[in-house]
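Shown next: data05.pdb, containing PDB, C-alpha atoms.
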```
MODEL        1
ATOM      1  CA  MET A  29      33.505   6.523  34.632
ATOM      2  CA  ASN A  30      34.128   7.826  38.164
ATOM      3  CA  ASN A  31      36.004   5.955  40.890
ATOM      4  CA  CYS A  32      32.814   4.993  42.743
ATOM      5  CA  LEU A  33      31.267   3.245  39.749
ATOM      6  CA  GLU A  34      34.576   1.541  38.958
ATOM      7  CA  TYR A  35      34.666   0.276  42.533
ATOM      8  CA  ILE A  36      31.106  -1.044  42.268
ATOM      9  CA  LEU A  37      31.861  -2.886  39.037
ATOM     10  CA  LEU A  38      35.096  -4.281  40.415
ATOM     11  CA  SER A  39      33.323  -5.514  43.540
ATOM     12  CA  LEU A  40      30.585  -7.140  41.472
ATOM     13  CA  THR A  41      33.048  -8.988  39.249
ATOM     14  CA  ARG A  42      34.989 -10.289  42.269
ATOM     15  CA  ASN A  43      31.825 -11.702  43.838
ATOM     16  CA  GLN A  44      30.841 -14.368  41.307
ATOM     17  CA  ARG A  45      28.060 -15.733  43.525
ATOM     18  CA  LEU A  46      26.334 -12.346  43.720
ATOM     19  CA  THR A  47      22.583 -12.488  43.189
ATOM     20  CA  MET A  48      20.303  -9.623  42.314
ATOM     21  CA  PRO A  49      18.930  -8.021  45.515
ATOM     22  CA  ASP A  50      15.160  -8.295  45.757
ATOM     23  CA  LEU A  51      13.000  -5.257  45.157
ATOM     24  CA  SER A  52      11.950  -4.921  48.796
ATOM     25  CA  GLN A  53      15.598  -4.445  49.801
ATOM     26  CA  MET A  54      16.063  -1.827  47.102
ATOM     27  CA  GLU A  55      12.899  -0.023  48.168
ATOM     28  CA  THR A  56      14.007  -0.019  51.800
ATOM     29  CA  PHE A  57      17.445   1.268  50.836
ATOM     30  CA  VAL A  58      16.059   4.069  48.667
ATOM     31  CA  LEU A  59      13.568   5.024  51.377
ATOM     32  CA  THR A  60      16.401   5.115  53.927
ATOM     33  CA  SER A  61      18.364   7.458  51.690
ATOM     34  CA  GLU A  62      15.337   9.762  51.499
ATOM     35  CA  LEU A  63      14.332   9.736  55.191
ATOM     36  CA  GLY A  64      17.794   9.373  56.746
ATOM     37  CA  SER A  65      16.518   7.421  59.769
ATOM     38  CA  LEU A  66      15.809   3.762  60.371
ATOM     39  CA  ALA A  67      12.992   4.683  62.749
ATOM     40  CA  ALA A  68      11.339   6.881  60.094
ATOM     41  CA  VAL A  69      11.641   4.109  57.507
ATOM     42  CA  ALA A  70      10.168   1.612  59.985
ATOM     43  CA  ARG A  71       7.156   3.865  60.599
ATOM     44  CA  LYS A  72       6.671   4.344  56.867
ATOM     45  CA  LEU A  73       6.764   0.610  56.157
ATOM     46  CA  GLY A  74       4.936  -0.477  59.297
ATOM     47  CA  ILE A  75       7.757  -2.731  60.490
ATOM     48  CA  SER A  76      10.297  -2.553  63.304
ATOM     49  CA  PRO A  77      13.612  -0.636  63.054
ATOM     50  CA  ALA A  78      15.377  -3.960  63.622
ATOM     51  CA  ALA A  79      13.666  -5.405  60.522
ATOM     52  CA  VAL A  80      14.765  -2.381  58.494
ATOM     53  CA  SER A  81      18.335  -2.742  59.718
ATOM     54  CA  LYS A  82      18.287  -6.451  58.875
ATOM     55  CA  GLN A  83      17.215  -5.762  55.285
ATOM     56  CA  LEU A  84      19.931  -3.155  54.806
ATOM     57  CA  THR A  85      22.605  -5.366  56.322
ATOM     58  CA  ARG A  86      21.566  -8.239  54.041
ATOM     59  CA  LEU A  87      21.733  -5.930  51.023
ATOM     60  CA  GLU A  88      25.251  -4.781  51.894
ATOM     61  CA  LYS A  89      26.334  -8.375  52.490
ATOM     62  CA  GLU A  90      24.994  -9.524  49.127
ATOM     63  CA  LEU A  91      26.703  -6.669  47.302
ATOM     64  CA  GLY A  92      29.923  -6.854  49.319
ATOM     65  CA  LEU A  93      29.805  -3.069  49.692
ATOM     66  CA  GLN A  94      29.240  -0.593  52.494
ATOM     67  CA  LEU A  95      26.313   1.536  51.391
ATOM     68  CA  LEU A  96      25.485   3.279  54.666
ATOM     69  CA  MET A  97      27.228   4.970  57.568
ATOM     70  CA  ARG A  98      25.103   4.511  60.689
ATOM     71  CA  SER A  99      25.086   6.695  63.779
ATOM     72  CA  THR A 100      22.734   6.929  66.759
ATOM     73  CA  ARG A 101      20.849   9.829  65.195
ATOM     74  CA  ARG A 102      21.354   9.617  61.446
ATOM     75  CA  VAL A 103      22.036   7.244  58.589
ATOM     76  CA  GLU A 104      24.036   8.587  55.674
ATOM     77  CA  LEU A 105      25.036   7.069  52.353
ATOM     78  CA  THR A 106      28.635   6.360  51.460
ATOM     79  CA  GLU A 107      29.906   7.613  48.115
ATOM     80  CA  VAL A 108      29.368   4.154  46.661
ATOM     81  CA  GLY A 109      25.920   4.092  48.271
ATOM     82  CA  ILE A 110      24.937   7.335  46.553
ATOM     83  CA  ASN A 111      25.746   5.914  43.116
ATOM     84  CA  TYR A 112      24.045   2.617  43.882
ATOM     85  CA  CYS A 113      20.958   4.449  45.116
ATOM     86  CA  LEU A 114      20.620   6.242  41.780
ATOM     87  CA  GLN A 115      20.670   2.903  39.991
ATOM     88  CA  CYS A 116      18.068   1.482  42.390
ATOM     89  CA  GLN A 117      15.782   4.450  41.773
ATOM     90  CA  ARG A 118      15.960   3.868  38.013
ATOM     91  CA  ILE A 119      15.194   0.170  38.429
ATOM     92  CA  LEU A 120      12.231   0.839  40.708
ATOM     93  CA  GLU A 121      10.861   3.452  38.291
ATOM     94  CA  GLU A 122      11.040   0.942  35.440
ATOM     95  CA  VAL A 123       9.269  -1.677  37.543
ATOM     96  CA  GLU A 124       6.538   0.825  38.422
ATOM     97  CA  GLU A 125       6.077   1.725  34.747
ATOM     98  CA  ALA A 126       5.896  -1.955  33.793
ATOM     99  CA  SER A 127       3.245  -2.530  36.449
ATOM    100  CA  ALA A 128       1.275   0.457  35.152
ATOM    101  CA  LEU A 129       1.440  -0.968  31.635
ATOM    102  CA  ILE A 130       0.097  -4.345  32.782
ATOM    103  CA  SER A 131      -2.721  -2.643  34.669
ATOM    104  CA  GLN A 132      -3.603  -0.623  31.599
ATOM    105  CA  VAL A 133      -3.648  -3.684  29.350
ATOM    106  CA  LYS A 134      -5.924  -5.504  31.804
ATOM    107  CA  ALA A 135      -8.256  -2.525  32.139
ATOM    108  CA  VAL A 136     -11.692  -2.651  30.513
ATOM    109  CA  PRO A 137     -11.518  -0.587  27.295
ATOM    110  CA  TYR A 138     -13.743   2.469  27.531
ATOM    111  CA  GLY A 139     -14.301   5.974  26.208
ATOM    112  CA  VAL A 140     -14.629   7.573  22.778
ATOM    113  CA  LEU A 141     -12.645   5.782  20.071
ATOM    114  CA  LYS A 142     -12.019   8.193  17.203
ATOM    115  CA  ILE A 143     -11.196   6.438  13.935
ATOM    116  CA  VAL A 144     -10.459   7.779  10.462
ATOM    117  CA  SER A 145     -10.742   5.301   7.593
ATOM    118  CA  GLY A 146     -11.199   5.233   3.862
ATOM    119  CA  ARG A 147     -14.770   4.573   2.757
ATOM    120  CA  HIS A 148     -14.096   1.271   1.006
ATOM    121  CA  PHE A 149     -11.837  -0.150   3.694
ATOM    122  CA  ALA A 150     -14.484   0.690   6.292
ATOM    123  CA  ALA A 151     -17.207  -0.901   4.186
ATOM    124  CA  SER A 152     -15.163  -4.085   3.811
ATOM    125  CA  TYR A 153     -13.549  -4.514   7.223
ATOM    126  CA  ILE A 154     -15.033  -2.156   9.824
ATOM    127  CA  VAL A 155     -18.775  -1.639   9.339
ATOM    128  CA  PRO A 156     -19.693  -5.356   8.946
ATOM    129  CA  HIS A 157     -18.012  -6.215  12.260
ATOM    130  CA  MET A 158     -18.816  -3.262  14.505
ATOM    131  CA  LYS A 159     -21.891  -4.856  16.044
ATOM    132  CA  GLU A 160     -19.723  -7.724  17.290
ATOM    133  CA  PHE A 161     -16.985  -5.340  18.440
ATOM    134  CA  LEU A 162     -19.308  -3.040  20.380
ATOM    135  CA  LEU A 163     -21.070  -5.978  22.017
ATOM    136  CA  LYS A 164     -17.665  -7.259  23.097
ATOM    137  CA  TYR A 165     -16.547  -3.837  24.376
ATOM    138  CA  PRO A 166     -19.748  -2.055  25.485
ATOM    139  CA  GLU A 167     -17.895   0.778  27.258
ATOM    140  CA  ILE A 168     -16.427   2.058  23.972
ATOM    141  CA  GLU A 169     -18.164   4.885  22.071
ATOM    142  CA  LEU A 170     -17.391   4.751  18.357
ATOM    143  CA  ASN A 171     -16.611   7.913  16.373
ATOM    144  CA  LEU A 172     -15.914   6.834  12.788
ATOM    145  CA  GLU A 173     -14.955   9.360  10.109
ATOM    146  CA  LEU A 174     -14.891   8.188   6.503
ATOM    147  CA  ALA A 175     -12.333  10.294   4.705
ATOM    148  CA  GLU A 176      -9.364   9.919   2.415
ATOM    149  CA  ARG A 177      -6.845  12.152   4.085
ATOM    150  CA  VAL A 178      -3.773  11.851   6.286
ATOM    151  CA  PRO A 179      -4.572  13.877   9.417
ATOM    152  CA  ASP A 180      -2.298  14.985  12.253
ATOM    153  CA  LEU A 181      -3.301  12.333  14.778
ATOM    154  CA  ASN A 182      -2.136  14.245  17.843
ATOM    155  CA  LEU A 183      -3.531  17.610  16.773
ATOM    156  CA  GLU A 184      -6.969  16.158  16.016
ATOM    157  CA  ALA A 185      -6.983  13.692  18.920
ATOM    158  CA  ILE A 186      -7.482  10.744  16.546
ATOM    159  CA  ASP A 187      -6.928   7.314  18.053
ATOM    160  CA  VAL A 188      -6.610   5.255  14.879
ATOM    161  CA  LEU A 189      -6.020   5.934  11.188
ATOM    162  CA  ILE A 190      -6.623   2.725   9.253
ATOM    163  CA  GLY A 191      -6.899   1.427   5.719
ATOM    164  CA  MET A 192      -4.545   3.894   4.003
ATOM    165  CA  SER A 193      -1.636   3.083   1.690
ATOM    166  CA  ILE A 194      -0.010   6.488   2.172
ATOM    167  CA  SER A 195       2.580   6.968   4.911
ATOM    168  CA  VAL A 196       1.622   9.216   7.802
ATOM    169  CA  THR A 197       3.582  12.294   8.735
ATOM    170  CA  GLY A 198       5.054  13.309  12.071
ATOM    171  CA  ASP A 199       5.918  10.921  14.879
ATOM    172  CA  ALA A 200       2.893   8.620  14.658
ATOM    173  CA  ILE A 201       3.447   4.869  14.771
ATOM    174  CA  GLN A 202       2.542   3.142  11.514
ATOM    175  CA  LYS A 203       2.336  -0.607  10.906
ATOM    176  CA  ARG A 204       1.433  -2.715   7.898
ATOM    177  CA  ILE A 205      -1.625  -4.848   8.615
ATOM    178  CA  ALA A 206      -2.385  -6.216   5.148
ATOM    179  CA  THR A 207      -1.528  -5.916   1.483
ATOM    180  CA  THR A 208      -3.575  -5.350  -1.616
ATOM    181  CA  SER A 209      -2.847  -4.527  -5.238
ATOM    182  CA  TYR A 210      -3.841  -1.785  -7.614
ATOM    183  CA  SER A 211      -5.991  -2.454 -10.642
ATOM    184  CA  PHE A 212      -6.172  -0.312 -13.756
ATOM    185  CA  CYS A 213      -9.670  -0.488 -15.142
ATOM    186  CA  ALA A 214     -12.250   1.233 -17.290
ATOM    187  CA  SER A 215     -15.795   0.648 -18.446
ATOM    188  CA  PRO A 216     -16.537  -1.286 -21.654
ATOM    189  CA  ASP A 217     -18.144   1.875 -23.105
ATOM    190  CA  TYR A 218     -14.967   3.893 -22.564
ATOM    191  CA  LEU A 219     -12.759   1.172 -24.077
ATOM    192  CA  LYS A 220     -15.085   0.858 -27.068
ATOM    193  CA  GLN A 221     -14.726   4.580 -27.732
ATOM    194  CA  PHE A 222     -11.016   5.110 -26.956
ATOM    195  CA  GLY A 223      -9.470   1.672 -27.407
ATOM    196  CA  ILE A 224      -7.741  -0.746 -25.034
ATOM    197  CA  PRO A 225      -4.209   0.150 -23.835
ATOM    198  CA  THR A 226      -1.854  -2.812 -24.232
ATOM    199  CA  LYS A 227       1.298  -1.322 -22.700
ATOM    200  CA  PRO A 228       1.946   1.350 -20.046
ATOM    201  CA  ASP A 229       3.047   3.990 -22.551
ATOM    202  CA  ASP A 230      -0.414   3.823 -24.183
ATOM    203  CA  LEU A 231      -1.881   5.554 -21.113
ATOM    204  CA  LYS A 232      -0.366   8.841 -22.283
ATOM    205  CA  ASN A 233      -3.066   8.924 -24.966
ATOM    206  CA  HIS A 234      -5.957   8.059 -22.652
ATOM    207  CA  ARG A 235      -8.176   9.933 -20.216
ATOM    208  CA  TYR A 236      -6.735   9.135 -16.822
ATOM    209  CA  ILE A 237      -8.633   9.751 -13.566
ATOM    210  CA  THR A 238      -6.231  10.269 -10.666
ATOM    211  CA  HIS A 239      -6.414  10.609  -6.901
ATOM    212  CA  SER A 240      -5.220  14.053  -5.870
ATOM    213  CA  MET A 241      -3.636  12.717  -2.653
ATOM    214  CA  ARG A 242      -1.093  10.702  -4.618
ATOM    215  CA  LYS A 243       2.199  12.522  -4.798
ATOM    216  CA  PRO A 244       2.911  13.027  -7.609
ATOM    217  CA  ASP A 245      -0.572  12.370  -8.944
ATOM    218  CA  ASN A 246       0.526  12.258 -12.583
ATOM    219  CA  GLU A 247       3.150   9.495 -12.382
ATOM    220  CA  LEU A 248       2.462   5.773 -12.710
ATOM    221  CA  VAL A 249       5.015   3.156 -11.647
ATOM    222  CA  PHE A 250       4.770  -0.358 -13.028
ATOM    223  CA  ARG A 251       6.171  -3.755 -12.014
ATOM    224  CA  ASN A 252       9.147  -3.457 -14.350
ATOM    225  CA  LYS A 253      10.017  -0.114 -12.670
ATOM    226  CA  GLU A 254       8.849   1.742 -15.762
ATOM    227  CA  VAL A 255       7.549   5.205 -14.883
ATOM    228  CA  ILE A 256       4.950   6.872 -17.083
ATOM    229  CA  THR A 257       3.961  10.520 -16.804
ATOM    230  CA  VAL A 258       0.368  11.285 -17.780
ATOM    231  CA  SER A 259      -1.815  14.370 -17.968
ATOM    232  CA  PRO A 260      -4.805  13.597 -15.704
ATOM    233  CA  TYR A 261      -8.199  14.178 -17.266
ATOM    234  CA  ILE A 262      -9.899  14.305 -13.848
ATOM    235  CA  ARG A 263      -8.533  14.767 -10.338
ATOM    236  CA  ALA A 264     -10.582  13.704  -7.300
ATOM    237  CA  ASN A 265      -9.794  13.233  -3.630
ATOM    238  CA  ASP A 266     -12.187  10.331  -3.084
ATOM    239  CA  ALA A 267     -11.920   6.746  -4.360
ATOM    240  CA  GLN A 268     -15.693   6.331  -4.589
ATOM    241  CA  THR A 269     -15.945   9.380  -6.818
ATOM    242  CA  MET A 270     -13.164   8.034  -9.031
ATOM    243  CA  LEU A 271     -15.000   4.727  -9.230
ATOM    244  CA  ASP A 272     -18.264   6.464 -10.161
ATOM    245  CA  PHE A 273     -16.497   8.413 -12.916
ATOM    246  CA  ALA A 274     -15.020   5.185 -14.310
ATOM    247  CA  LEU A 275     -18.392   3.449 -14.241
ATOM    248  CA  GLU A 276     -19.816   6.407 -16.186
ATOM    249  CA  GLY A 277     -17.194   5.850 -18.889
ATOM    250  CA  LEU A 278     -15.195   8.999 -18.215
ATOM    251  CA  GLY A 279     -11.740   7.437 -18.078
ATOM    252  CA  ILE A 280      -9.250   4.917 -16.702
ATOM    253  CA  VAL A 281      -8.685   4.626 -12.961
ATOM    254  CA  LYS A 282      -6.121   2.949 -10.723
ATOM    255  CA  LEU A 283      -7.790   1.750  -7.523
ATOM    256  CA  HIS A 284      -7.243  -0.912  -4.881
ATOM    257  CA  HIS A 285      -8.405  -4.271  -6.167
ATOM    258  CA  TYR A 286     -10.913  -4.754  -3.337
ATOM    259  CA  VAL A 287     -12.567  -1.467  -4.353
ATOM    260  CA  VAL A 288     -13.248  -2.577  -7.919
ATOM    261  CA  LYS A 289     -13.482  -6.364  -7.482
ATOM    262  CA  GLU A 290     -17.280  -6.466  -7.523
ATOM    263  CA  HIS A 291     -17.469  -4.382 -10.695
ATOM    264  CA  LEU A 292     -14.809  -6.462 -12.446
ATOM    265  CA  GLU A 293     -16.761  -9.604 -11.656
ATOM    266  CA  SER A 294     -20.015  -8.102 -12.947
ATOM    267  CA  GLY A 295     -18.403  -6.813 -16.120
ATOM    268  CA  ALA A 296     -19.150  -3.171 -15.358
ATOM    269  CA  LEU A 297     -15.389  -2.567 -15.453
ATOM    270  CA  GLN A 298     -12.605  -4.287 -17.327
ATOM    271  CA  GLU A 299      -9.118  -4.736 -15.887
ATOM    272  CA  LEU A 300      -6.201  -3.403 -17.923
ATOM    273  CA  LEU A 301      -2.431  -3.920 -18.034
ATOM    274  CA  SER A 302      -2.516  -6.624 -15.347
ATOM    275  CA  ALA A 303       0.803  -8.056 -16.555
ATOM    276  CA  TYR A 304       2.519  -4.750 -15.802
ATOM    277  CA  ASN A 305       0.845  -3.872 -12.514
ATOM    278  CA  THR A 306       2.628  -3.697  -9.184
ATOM    279  CA  SER A 307       2.270  -6.868  -7.129
ATOM    280  CA  GLU A 308       1.726  -5.656  -3.542
ATOM    281  CA  ILE A 309       0.593  -2.427  -1.926
ATOM    282  CA  PRO A 310       0.705  -2.115   1.887
ATOM    283  CA  ILE A 311      -2.334  -1.217   3.952
ATOM    284  CA  TYR A 312      -1.432   0.598   7.158
ATOM    285  CA  VAL A 313      -2.776   1.302  10.577
ATOM    286  CA  ALA A 314      -1.406   4.317  12.423
ATOM    287  CA  TYR A 315      -1.859   5.674  15.922
ATOM    288  CA  PRO A 316      -0.254   8.452  17.998
ATOM    289  CA  GLN A 317       3.143   7.750  19.478
ATOM    290  CA  ARG A 318       2.660   7.459  23.210
ATOM    291  CA  ARG A 319       4.495   5.589  25.938
ATOM    292  CA  TYR A 320       1.543   3.210  26.288
ATOM    293  CA  ILE A 321      -1.075   2.453  23.674
ATOM    294  CA  SER A 322      -4.542   2.751  25.185
ATOM    295  CA  SER A 323      -6.543  -0.426  25.739
ATOM    296  CA  LYS A 324      -9.387   0.818  23.494
ATOM    297  CA  THR A 325      -6.938   1.408  20.629
ATOM    298  CA  ARG A 326      -5.147  -1.877  21.127
ATOM    299  CA  CYS A 327      -8.330  -3.976  21.229
ATOM    300  CA  PHE A 328      -9.739  -2.256  18.113
ATOM    301  CA  ILE A 329      -6.583  -2.840  16.074
ATOM    302  CA  ASP A 330      -6.300  -6.453  17.223
ATOM    303  CA  PHE A 331      -9.972  -7.043  16.431
ATOM    304  CA  ILE A 332      -9.805  -5.590  12.887
ATOM    305  CA  VAL A 333      -6.521  -7.319  12.057
ATOM    306  CA  GLY A 334      -8.124 -10.575  13.145
ATOM    307  CA  LYS A 335     -11.034  -9.980  10.760
ATOM    308  CA  ILE A 336      -8.683  -9.140   7.888
ATOM    309  CA  LYS A 337      -6.798 -12.406   8.391
ATOM    310  CA  GLN A 338      -9.959 -14.489   8.329
ATOM    311  CA  PRO A 339     -10.503 -16.340   5.024
TER     312      PRO A 339
ENDMDL
END
```

Give the structure from this file in C-alpha cells form.
Amino acid sequence: MNNCLEYILLSLTRNQRLTMPDLSQMETFVLTSELGSLAAVARKLGISPAAVSKQLTRLEKELGLQLLMRSTRRVELTEVGINYCLQCQRILEEVEEASALISQVKAVPYGVLKIVSGRHFAASYIVPHMKEFLLKYPEIELNLELAERVPDLNLEAIDVLIGMSISVTGDAIQKRIATTSYSFCASPDYLKQFGIPTKPDDLKNHRYITHSMRKPDNELVFRNKEVITVSPYIRANDAQTMLDFALEGLGIVKLHHYVVKEHLESGALQELLSAYNTSEIPIYVAYPQRRYISSKTRCFIDFIVGKIKQP
C-alpha cells in the first residue's frame, strides 16, 4: 500500500464521526478532476461556481483531507486527491451499473425468446402454459426447439435451455429448478417373454434400451451405489423414441418418471427394480453467462418455475 492510501486510511480511522459523502459531492469532485476548472464544472452542472466550491469544501471537511489545490486559473488534485478520485470513479461506475440493472428489470420484456427443451418436459410444463405466458408478455416472440441435446448457448444465441438432467458445458449458468426420479420399466409382453429382473445384476441378461447422450451410456448406478455395466440392445438420442420402443416390447428403458407415469398407470408399462432406483434426479435450467440476465429470460424462467411448483 502506498503512502497516500495509508494516509487516507489513517485519516478515516481518526475521524470516527465521518459519514459517507453523498453521490453529488463525489460526482462534482470527479468532474472537477476531469475539467480542472470550477467555472467549467459549474457550466456543465448548470449551477454557480460558488455552489461548486461549496460542495468541494464540504467534501474535504467531511473527509478531513485536502483533495484540491486551487489557484485563480486552475484546480489540481493533491496526491491524496488523485487516489480518492479513483475510488470515487469506481463507486460511481457501480452505482451506474446498478441503476442500469434496475431499469432493465423494470423494462417490458420483448424480442425473440429462443428456448431449447426436451419434448416431454415441454409437453408437461411449457406448452400447456404458453397461451397464458404470451398473453402476459405480448411483446415476446417464442422460438421453441424440442431437442435432447446440450447446445453451446452463446454460439447458437439460445436464451434458455430447460428440462435437462445433464450438466451444460462452458461458462453458462445452470440452476436446479426441480427434481424427478428415473424409472426402469418394460412392457408386459417383453417381461412375459424375457422374465422380470429382480435385482440390478439381472439387467446384464436383458435387452436394455439406452439414451446415447448419457455418458457412459452403458453404465447404470443404483441407490446402493452399485454400478452395473450392460450391453445396450438399442441406442437412441430421443426419450420419446425410447418410450415407443419399450411400448413395442423391444426392451427395458430408464426414463424420467413423468415421461412414463401415464403408461405405468394404464398398465402399458410395468415398473422394475423400484427398491434399487436412485431417489432424486435434478432438472436444470441454463442460460448464457452475462452481466445482466435479460428481462425476457428472467420472466420466462420465473413463470415456468412457478408452474412447476404448483400442485

_Distance cut-off 9 Å, centre (-0.5, 5.2, -0.8) in file coordinates, counting only C-alpha atoms: which residues qualify? Return them as a list in words._
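All residues meeting the 9 Å criterion around (-0.5, 5.2, -0.8) are Met192, Ser193, Ile194, Ser195, Met241, Arg242, Lys243, Ile309, Pro310 and Ile311 of chain A.
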
For the structure provided, state which residues fall under the PyMOL selection byres ((chain A and resi 315) around 9), and present them as a tab-separated table (two decimals) with C-alpha atoms, in the coordinates of the input.
```tsv
chain	number	residue	atom	x	y	z
A	181	LEU	CA	-3.30	12.33	14.78
A	182	ASN	CA	-2.14	14.24	17.84
A	186	ILE	CA	-7.48	10.74	16.55
A	187	ASP	CA	-6.93	7.31	18.05
A	188	VAL	CA	-6.61	5.26	14.88
A	189	LEU	CA	-6.02	5.93	11.19
A	190	ILE	CA	-6.62	2.72	9.25
A	200	ALA	CA	2.89	8.62	14.66
A	201	ILE	CA	3.45	4.87	14.77
A	202	GLN	CA	2.54	3.14	11.51
A	313	VAL	CA	-2.78	1.30	10.58
A	314	ALA	CA	-1.41	4.32	12.42
A	316	PRO	CA	-0.25	8.45	18.00
A	317	GLN	CA	3.14	7.75	19.48
A	318	ARG	CA	2.66	7.46	23.21
A	321	ILE	CA	-1.08	2.45	23.67
A	325	THR	CA	-6.94	1.41	20.63
```

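Between atom CA of A:Lys335 and atom CA of A:Arg147 the separation is 17.0 Å.
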
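Atom to atom, atom CA of A:Asn305 and atom CA of A:Met270 stand 18.7 Å apart.
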
List the residues selected by the PyMOL selection byres ((chain A and resi 173) around 6) in the file shown, writing them as an mmCIF file with C-alpha atoms, keeping the file's coordinate frame.
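part33.cif, freshly written:
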```
data_model
loop_
_atom_site.group_PDB
_atom_site.id
_atom_site.type_symbol
_atom_site.label_atom_id
_atom_site.label_comp_id
_atom_site.auth_asym_id
_atom_site.auth_seq_id
_atom_site.Cartn_x
_atom_site.Cartn_y
_atom_site.Cartn_z
ATOM 1 C CA VAL A 144 -10.459 7.779 10.462
ATOM 2 C CA LEU A 172 -15.914 6.834 12.788
ATOM 3 C CA LEU A 174 -14.891 8.188 6.503
#
```

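Nearest to A:Met158 of all the residues A:Val123, A:Lys337, A:Leu170, A:Tyr138 is A:Leu170, counting all atoms listed in the file.
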
*Return the single residue from A:Ala303, A:Gly279, A:Thr269, A:Lys289 that is closest to A:Pro228, with distances computed using only C-alpha atoms.*
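When distances to A:Pro228 are compared using only C-alpha atoms, the smallest one comes from A:Ala303.
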
*Using the chain letters and numbering of this document, enumerate as a VMD selection string the residues selected by the PyMOL selection byres ((chain A and resi 169) around 9).*
chain A and resid 138 to 142 162 166 to 168 170 to 171

Those same residues - C-alpha atoms - I'd like them written as a PDB file, in the frame of the given file.
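So selection_10.pdb came out as:
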```pdb
ATOM      1  CA  TYR A 138     -13.743   2.469  27.531  1.00  0.00           C
ATOM      2  CA  GLY A 139     -14.301   5.974  26.208  1.00  0.00           C
ATOM      3  CA  VAL A 140     -14.629   7.573  22.778  1.00  0.00           C
ATOM      4  CA  LEU A 141     -12.645   5.782  20.071  1.00  0.00           C
ATOM      5  CA  LYS A 142     -12.019   8.193  17.203  1.00  0.00           C
ATOM      6  CA  LEU A 162     -19.308  -3.040  20.380  1.00  0.00           C
ATOM      7  CA  PRO A 166     -19.748  -2.055  25.485  1.00  0.00           C
ATOM      8  CA  GLU A 167     -17.895   0.778  27.258  1.00  0.00           C
ATOM      9  CA  ILE A 168     -16.427   2.058  23.972  1.00  0.00           C
ATOM     10  CA  LEU A 170     -17.391   4.751  18.357  1.00  0.00           C
ATOM     11  CA  ASN A 171     -16.611   7.913  16.373  1.00  0.00           C
TER      12      ASN A 171
END
```

I'd like the neighbourhood of A:Leu114 as an mmCIF file with C-alpha atoms, in the coordinates of the input, where a residue qualifies if any of its atoms comes within 12 Å (using all atoms listed in the file), though same-chain residues fewer than 6 positions away should be ignored.
```
data_model
loop_
_atom_site.group_PDB
_atom_site.id
_atom_site.type_symbol
_atom_site.label_atom_id
_atom_site.label_comp_id
_atom_site.auth_asym_id
_atom_site.auth_seq_id
_atom_site.Cartn_x
_atom_site.Cartn_y
_atom_site.Cartn_z
ATOM 1 C CA LEU A 33 31.267 3.245 39.749
ATOM 2 C CA MET A 54 16.063 -1.827 47.102
ATOM 3 C CA GLU A 55 12.899 -0.023 48.168
ATOM 4 C CA PHE A 57 17.445 1.268 50.836
ATOM 5 C CA VAL A 58 16.059 4.069 48.667
ATOM 6 C CA LEU A 59 13.568 5.024 51.377
ATOM 7 C CA SER A 61 18.364 7.458 51.690
ATOM 8 C CA GLU A 62 15.337 9.762 51.499
ATOM 9 C CA LEU A 105 25.036 7.069 52.353
ATOM 10 C CA GLU A 107 29.906 7.613 48.115
ATOM 11 C CA VAL A 108 29.368 4.154 46.661
ATOM 12 C CA LEU A 120 12.231 0.839 40.708
ATOM 13 C CA GLU A 121 10.861 3.452 38.291
#
```

_Could you tell me how far atom CA of A:Thr257 sits from atom CA of A:Thr207, in Å to one decimal place?_
25.2 Å

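With all atoms listed in the file as the basis for measurement, A:Leu66 is the residue among A:Leu73, A:Ala126, A:Leu91, A:Leu66 that approaches A:Val103 most closely.
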
_I'd like to know which of A:Asn265, A:Ser145, A:Ser209, A:Gln53 is closest to A:Ser240, using all atoms listed in the file._
A:Asn265

*Would you please work out which residue, of A:Thr226, A:Ser323, A:Thr56, A:Gln115, is nearest to A:Gln83 when using only C-alpha atoms?*
A:Thr56
